[in-house]
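Novice: There's a structure below that I have some questions on.
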Amino acid sequence: MKQRIRYWSCSRLADWMRGTTKPHSETAGGWRDWKEDAKARKPLRFWLAEEFLDKAQDFVNWPMDRLHNLTYWINNRFVEQTHVCRTGLKKGEWHETGERMLHGLFNELVWFVREQKSWMEYISHSDKYRHLPFWKTTWPFRHFTHFNYPELGLVYLEWEKGLAYNESWYGYPDRVFTDAEKANYPDYGQLMPQAKNATEIGELYDWWVNVRPKRPDPMDVGGWSAYCDYMRVRYGDEVLHEERTDEERAMSKQALDKTHEIEQAYDDEDTVMMKRLIEIRSSFWT
């Protein structure tokens, strides 16, 4: 069944039928206590509000639910193609498996930030983004196009980075705890796991999009390019191994060793970042 934006069981009508007002937010324990208390007071009215209204809503919305399911299927199959791992590599060329793995993982990260996180920012603050074209934001048009706004995704990540355990998290959104009350909650003021994951996602995204592409060519930094240019000027396009001087052989070895050293450092960095990405893979959902 499609996840709904509004549930009849959370309406004012449901509160009237139930005889008990449903909280807007609660902790897991708070929801359990409220449910047990409301059910014990008026079990029949509780069933009508919580069970009957949900079933009635499912019945009334059945045609629209089927249409929604169809648009989501089309989006997943042909637009977003969520069954595919995107590499972003150039088509028609051979790419080694390890290269495909690296690019596939990090391009999924890019897609997650630029499309999924940006969509979360939009639906959280839609009034701020009325300038966006309607076919990007309105059902059913939005299911037939990409919602790719990197800047919105980064804004949402910044908001997530600041999430901490506070009064709202503990079920008291309209209060400010005293120091004595804060002492009853050992995690008060600490960053939530969601905030830590957002920080890690932001760092990995920045590394892949901004830092890694600017790494200098190992052959240039290691001196191999300069050595090849020198040999080309001295001997032309072809040079026999035995024609090289001892000094030139030493130059070749030094440049090649340095180039390999830099390439290995780059490869090690890629591995470290891949491991970091894999370690937070469970946080890639919206």
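Identifiers in this document derive from the order of the structure tokens: chains are assigned A, B, ..., residues are numbered from 1 separately in each chain, and ligands are numbered from 1 in order of occurrence.
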So that I can check the surroundings of segment 163-168 of chain A, please list as a PDB file with C-alpha atoms, in the first residue's frame every protein, DNA and RNA residue that reaches within 8 Å of it, counting only C-alpha atoms and ignoring chain neighbours fewer than 2 positions away.

Specialist:
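Output file around-v1.pdb is given in full below:
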ATOM      1  CA  TRP A 159      20.245  20.653   8.624  1.00  0.00           C
ATOM      2  CA  GLU A 160      20.770  16.983   9.464  1.00  0.00           C
ATOM      3  CA  LYS A 161      24.290  17.654  10.748  1.00  0.00           C
ATOM      4  CA  TYR A 170      12.026  13.236  24.378  1.00  0.00           C
ATOM      5  CA  GLY A 171       8.403  14.186  23.726  1.00  0.00           C
ATOM      6  CA  TYR A 172       8.335  17.706  25.186  1.00  0.00           C
ATOM      7  CA  PRO A 173       8.473  20.081  22.187  1.00  0.00           C
ATOM      8  CA  ASP A 174       6.947  22.988  24.132  1.00  0.00           C
ATOM      9  CA  ARG A 175       9.352  22.895  27.072  1.00  0.00           C
ATOM     10  CA  VAL A 176      12.915  23.861  27.855  1.00  0.00           C
ATOM     11  CA  PHE A 177      14.574  21.483  30.308  1.00  0.00           C
ATOM     12  CA  ASP A 187      22.257  11.730  25.733  1.00  0.00           C
ATOM     13  CA  TYR A 188      20.823  15.254  25.978  1.00  0.00           C
ATOM     14  CA  GLY A 189      22.646  17.680  23.681  1.00  0.00           C
ATOM     15  CA  GLN A 190      24.610  14.980  21.898  1.00  0.00           C
ATOM     16  CA  LEU A 191      24.434  14.582  18.146  1.00  0.00           C
ATOM     17  CA  MET A 192      22.083  11.938  16.845  1.00  0.00           C
ATOM     18  CA  GLN A 194      21.510  10.781  11.752  1.00  0.00           C
ATOM     19  CA  ALA A 195      23.665  13.877  12.244  1.00  0.00           C
TER      20      ALA A 195
END

Novice: Residues near segment 207-220 of chain A, anyone? I mean within 9 Å using only C-alpha atoms, not counting same-chain ones fewer than 5 positions away, as a count of residues only.

Specialist: 17

Novice: Go through segment 17-215 of chain A and collect every residue that DSSP, computed from the backbone, puts in alpha helix (DSSP H); the answer should be as a PyMOL selection string.

Specialist: chain A and resi 17-18+28-41+43-47+53-60+62-74+97-111+118-124+134-137+150-161+179-182+193-206

Novice: Would you mind reading off the distance between atom CA of Thr271 of chain A and atom CA of Glu99 of chain A, one decimal, in Å?

Specialist: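 Between atom CA of Thr271 of chain A and atom CA of Glu99 of chain A the gap is 11.2 Å.
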
Novice: A:Trp62, A:Trp119, A:Phe134, A:Tyr230: which is nearest Glu151 of chain A, counting only C-alpha atoms?

Specialist: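 Among the listed residues, A:Trp119 lies closest to Glu151 of chain A.
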
Novice: For Pro23 of chain A, find every residue with an atom within 10 Å (counting only C-alpha atoms), except residues of its own chain fewer than 6 positions away, and show them as a ChimeraX atom specification.

Specialist: /A:10,15,30-31,34,171

Novice: Which one of A:Arg114, A:Arg32, A:Lys22, A:Lys90 sits closest to Val155 of chain A if you count only C-alpha atoms?

Specialist: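 Closest residue, counting only C-alpha atoms: A:Arg114.
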
Novice: What's around Leu154 of chain A at 12 Å? Count only C-alpha atoms, leave out sequence neighbours fewer than 5 positions away in its own chain, and write the answer as a PyMOL selection string.

Specialist: chain A and resi 110+112-122+148-149+159-161+198-199+201-203+205-206

Novice: Got time to write the residues from that selection, N, CA, C and O atoms, as a CSV table (one decimal), in the first residue's frame?

Specialist:
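Dumped to result12.csv:
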chain,number,residue,atom,x,y,z
A,110,VAL,N,26.4,10.2,-5.0
A,110,VAL,CA,26.0,11.5,-5.7
A,110,VAL,C,24.5,11.5,-6.0
A,110,VAL,O,23.9,12.5,-5.7
A,112,PHE,N,22.2,9.9,-4.5
A,112,PHE,CA,21.4,10.0,-3.2
A,112,PHE,C,21.4,11.4,-2.7
A,112,PHE,O,20.3,11.9,-2.3
A,113,VAL,N,22.5,12.1,-2.8
A,113,VAL,CA,22.5,13.5,-2.3
A,113,VAL,C,21.7,14.4,-3.2
A,113,VAL,O,20.9,15.3,-2.8
A,114,ARG,N,22.0,14.3,-4.5
A,114,ARG,CA,21.4,15.3,-5.5
A,114,ARG,C,19.9,15.1,-5.8
A,114,ARG,O,19.3,16.0,-6.2
A,115,GLU,N,19.5,13.8,-5.6
A,115,GLU,CA,18.1,13.6,-5.9
A,115,GLU,C,17.2,13.3,-4.7
A,115,GLU,O,16.2,13.9,-4.5
A,116,GLN,N,17.7,12.3,-3.9
A,116,GLN,CA,16.8,12.0,-2.7
A,116,GLN,C,16.9,13.0,-1.6
A,116,GLN,O,15.9,13.4,-1.1
A,117,LYS,N,18.1,13.4,-1.3
A,117,LYS,CA,18.2,14.5,-0.2
A,117,LYS,C,17.6,15.8,-0.7
A,117,LYS,O,17.0,16.5,0.1
A,118,SER,N,17.8,16.1,-1.9
A,118,SER,CA,17.2,17.4,-2.4
A,118,SER,C,15.7,17.3,-2.4
A,118,SER,O,15.0,18.3,-2.1
A,119,TRP,N,15.1,16.1,-2.7
A,119,TRP,CA,13.7,16.0,-2.6
A,119,TRP,C,13.2,16.1,-1.1
A,119,TRP,O,12.2,16.7,-0.9
A,120,MET,N,14.0,15.6,-0.2
A,120,MET,CA,13.6,15.7,1.2
A,120,MET,C,13.6,17.2,1.6
A,120,MET,O,12.8,17.7,2.4
A,121,GLU,N,14.6,18.0,1.1
A,121,GLU,CA,14.6,19.4,1.4
A,121,GLU,C,13.4,20.1,0.8
A,121,GLU,O,12.8,20.9,1.5
A,122,TYR,N,13.0,19.7,-0.4
A,122,TYR,CA,11.9,20.3,-1.0
A,122,TYR,C,10.6,20.1,-0.2
A,122,TYR,O,9.9,21.0,0.1
A,148,ASN,N,16.8,16.7,-9.7
A,148,ASN,CA,18.3,16.8,-9.5
A,148,ASN,C,18.7,18.2,-9.2
A,148,ASN,O,18.9,19.1,-10.1
A,149,TYR,N,18.7,18.5,-7.9
A,149,TYR,CA,19.1,19.9,-7.4
A,149,TYR,C,20.2,19.7,-6.3
A,149,TYR,O,19.8,19.6,-5.1
A,159,TRP,N,21.3,20.7,7.6
A,159,TRP,CA,20.2,20.7,8.6
A,159,TRP,C,20.4,19.4,9.4
A,159,TRP,O,20.4,19.4,10.7
A,160,GLU,N,20.6,18.3,8.8
A,160,GLU,CA,20.8,17.0,9.5
A,160,GLU,C,22.0,17.0,10.4
A,160,GLU,O,22.0,16.4,11.5
A,161,LYS,N,23.1,17.6,10.0
A,161,LYS,CA,24.3,17.7,10.7
A,161,LYS,C,24.1,18.3,12.1
A,161,LYS,O,24.9,18.0,13.1
A,198,ALA,N,25.1,12.2,8.4
A,198,ALA,CA,25.0,13.3,7.4
A,198,ALA,C,26.4,13.9,7.2
A,198,ALA,O,26.8,14.3,6.1
A,199,THR,N,27.1,14.1,8.3
A,199,THR,CA,28.5,14.6,8.3
A,199,THR,C,29.4,13.8,7.4
A,199,THR,O,30.1,14.3,6.5
A,201,ILE,N,28.4,11.6,5.1
A,201,ILE,CA,28.0,11.6,3.7
A,201,ILE,C,28.4,12.9,3.0
A,201,ILE,O,28.9,12.9,1.9
A,202,GLY,N,28.4,14.0,3.7
A,202,GLY,CA,28.8,15.3,3.2
A,202,GLY,C,30.3,15.3,2.9
A,202,GLY,O,30.7,15.8,1.8
A,203,GLU,N,31.1,14.7,3.8
A,203,GLU,CA,32.6,14.6,3.5
A,203,GLU,C,32.9,13.7,2.3
A,203,GLU,O,33.8,14.1,1.5
A,205,TYR,N,30.9,12.9,-0.2
A,205,TYR,CA,30.4,13.6,-1.4
A,205,TYR,C,31.4,14.7,-1.8
A,205,TYR,O,31.7,14.7,-3.0
A,206,ASP,N,31.8,15.5,-0.9
A,206,ASP,CA,32.8,16.5,-1.3
A,206,ASP,C,34.1,16.0,-1.8
A,206,ASP,O,34.6,16.5,-2.8

Novice: Of the residues A:Leu102, A:Trp8, A:Arg142, A:Glu96, which is the one nearest to Leu277 of chain A, using only C-alpha atoms?

Specialist: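 Closest to Leu277 of chain A of all the choices is A:Leu102.
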
Novice: Write out as a ChimeraX atom specification which residues come within 10 Å of Ala14 of chain A when counting only C-alpha atoms, dropping same-chain ones fewer than 6 positions away.

Specialist: /A:7-8,20-22,45-46,48-50,53
